[in-house]
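Asker: Here it is, the structure, as structure tokens.
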Amino acid sequence: MSAVVSPYSRKNPFPAHLTDVRTLTGSDSGKETLHFEVSLAGSELHYEAGDSLGVFPSNDPAGVDEVLGAAGLTGEEAVEGLDGAPATLREVLSRQATLREPSRQLITAIFEKCPDASELEEFVDPEAKSALEDWINGREVIDILLAYPAARFTPAELVKVLRKLQPRLYSVASSPKMHPESVHLTVAVVRYDLHGRKRHGVCSTFLADRAGEGSVPVFIHTAKHFRPPEDASVPVIMVGPGTGIAPFRAFLQEREATGAGGKSWLFFGDRNRATDFLYEGEINRWLESGVLHRLDTAFSRDQAEKIYVQQRMLENAADLWQWLEDGACFYVCGDASRMAKDVDAALHRVVETAGGRSPEDAAAYVADLKKAKRYRKDVY
Ligand SMILES: Cc1cc2nc3c(=O)[nH]c(=O)nc-3n(C[C@H](O)[C@H](O)[C@H](O)COP(=O)(O)OP(=O)(O)OC[C@H]3O[C@@H](n4cnc5c(N)ncnc54)[C@H](O)[C@@H]3O)c2cc1C
Ligand SMILES: NC(=O)c1ccc[n+]([C@@H]2O[C@H](COP(=O)([O-])OP(=O)(O)OC[C@H]3O[C@@H](n4cnc5c(N)ncnc54)[C@H](OP(=O)(O)O)[C@@H]3O)[C@@H](O)[C@H]2O)c1
């Protein structure tokens, strides 16, 4: 590895360029999951399998125009940006402020400026945090401005009531041993309809729709807790449905690049095999070449009842238990809200049924796996 320290970081992101974009999902899929390749050439940035890439998006220009239109402003107005430096209002709305999550300050300002906004009174109280969160959930800045056209803001007032646009993290889907100057990503594009409007996830649609035209400000987010085992002969069990596959593609590239001898077992799931089997060709080639020893898939919508990765774990409990007893590391990546919890429950069940442990002893066994850093999660 080069001894040169990169000048780029979260505080000073590298203006990277996309060198490749391709759609991983089929045209009939209900999802849009894309593969991106981001060049780090010239940045002196280095990453490891398991890390994430931080991306600073900018907002959709059409969305910026809508907000300006609703506020009766042009965007050319000179303001102090959210970073304290002089900027135009359009620059602030494009790159510095989120137009997705309205702030309490925006609601309070509307309440104060609008005599007919009495229904907002309950949210102005700082104690009413959860009621405000429930009401705001799903609403964007544009929804609030359109709902209260009588509320007029000066450009500086508008900037003051907006929240900072935050970067998003994406699990790195490549190994630096194979791609030292490039980071690959696997991104599910967020688009949905709500409250009668089309909604776009800020960063996933920035990458999908606009990042090809200019630079993409990026940084490396180190994840020391999610590295492949230091000893490459240690077996790995990887559970990564949907975009959770990303770091495991990096792990498998790493095993291919280094000729690591340890066994590997991948559980992958998504909606339909025909359209959503991400990286199917590569995964099958790894199976054939022996880089990947075992693959179990769960395509949730190919049959009447849902089948998820945890069901495959339970069906293969005896083998899974044997791998754990042989010292395997167990990795999970992807959805935190439901999948990771259900996979955790399935792991306990595997230890109970195949390992013949009581629920308490199974919990202690899983806790020991965690303590030994043999149960690692990167969930979001
Ligand atoms: C460590 C880490 C690794 C990650 N790795 C990946 C990865 O490899 N690939 C990947 O795709 N993502 C990954 N993510 C998630 C990623 O960071 C973003 O959160 C994701 O891309 C959405 O960001 P966005 O800006 O496009 O959407 P945002 O503008 O942030 O909008 C997302 C929000 O929209 C709302 N929403 C979404 N869908 C709906 C719906 N159908 N109905 C109503 N509301 C909805 C939800 O409130 C959701 O939180 C990772 C996150 C972390 C923390
Ligand atoms: N707005 C959109 O159109 C849209 C579309 C896809 C994803 N997303 C969002 O994008 C993010 C990433 O999506 P993703 O591709 O990684 O994954 P995902 O689409 O959320 O799910 C991938 C697979 O996991 C299954 N799954 C659902 N619940 C599960 C559970 N409890 N345990 C195990 N598996 C489960 C899904 O099945 P089922 O879906 O059949 O239940 C699907 O087969 C998620 O946060 C998701 O909310 C948004």
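The chains in the structure tokens are called A, B, ... from first to last as shown; in each chain the residues are counted from 1, and the ligands are counted from 1 in the order shown.
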Would you return as a list in words the members of region 183-235 of chain A that DSSP assigns to alpha helix (DSSP H) on this structure's backbone?
Answerer: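 In region 183-235 of chain A, DSSP puts these residues in alpha helix (DSSP H): Val202, Cys203, Ser204 and Thr205 of chain A.
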Asker: Throw together the list of residues within 9 Å of ligand 1, counting only C-alpha atoms and all ligand atoms, and drop it here as a ChimeraX atom specification.
Answerer: /A:33-34,51-55,57,98-101,137-138,166-173,185-194,199-207,221,223,242-247,333-335,378-380
Asker: Leu40 (chain A): which residues within 6 Å, counting only C-alpha atoms, same-chain residues fewer than 2 positions away excluded, as number ranges by chain?
Answerer: A: 43, 181-182
Asker: Write the residues you've just listed into a file as an mmCIF file, in the first residue's frame, and include N, CA and C atoms for each of them.
Answerer:
```cif
data_model
loop_
_atom_site.group_PDB
_atom_site.id
_atom_site.type_symbol
_atom_site.label_atom_id
_atom_site.label_comp_id
_atom_site.auth_asym_id
_atom_site.auth_seq_id
_atom_site.Cartn_x
_atom_site.Cartn_y
_atom_site.Cartn_z
ATOM 1 N N SER A 43 -6.512 9.988 -6.326
ATOM 2 C CA SER A 43 -6.981 10.465 -5.014
ATOM 3 C C SER A 43 -6.088 10.003 -3.868
ATOM 4 N N GLU A 181 -7.883 0.954 -7.821
ATOM 5 C CA GLU A 181 -8.186 2.371 -8.074
ATOM 6 C C GLU A 181 -9.658 2.601 -8.381
ATOM 7 N N SER A 182 -10.472 1.644 -8.031
ATOM 8 C CA SER A 182 -11.881 1.786 -8.377
ATOM 9 C C SER A 182 -12.734 1.128 -7.291
#
```
Asker: Enumerate as a PyMOL selection string all residues of region 171-369 of chain A assigned to strand (DSSP E) by DSSP on the backbone, naming them with the chain letters and numbers the document uses.
Answerer: chain A and resi 171+182-188+191-194+197-200+216-221+236-239+264-270+294-299+329-334
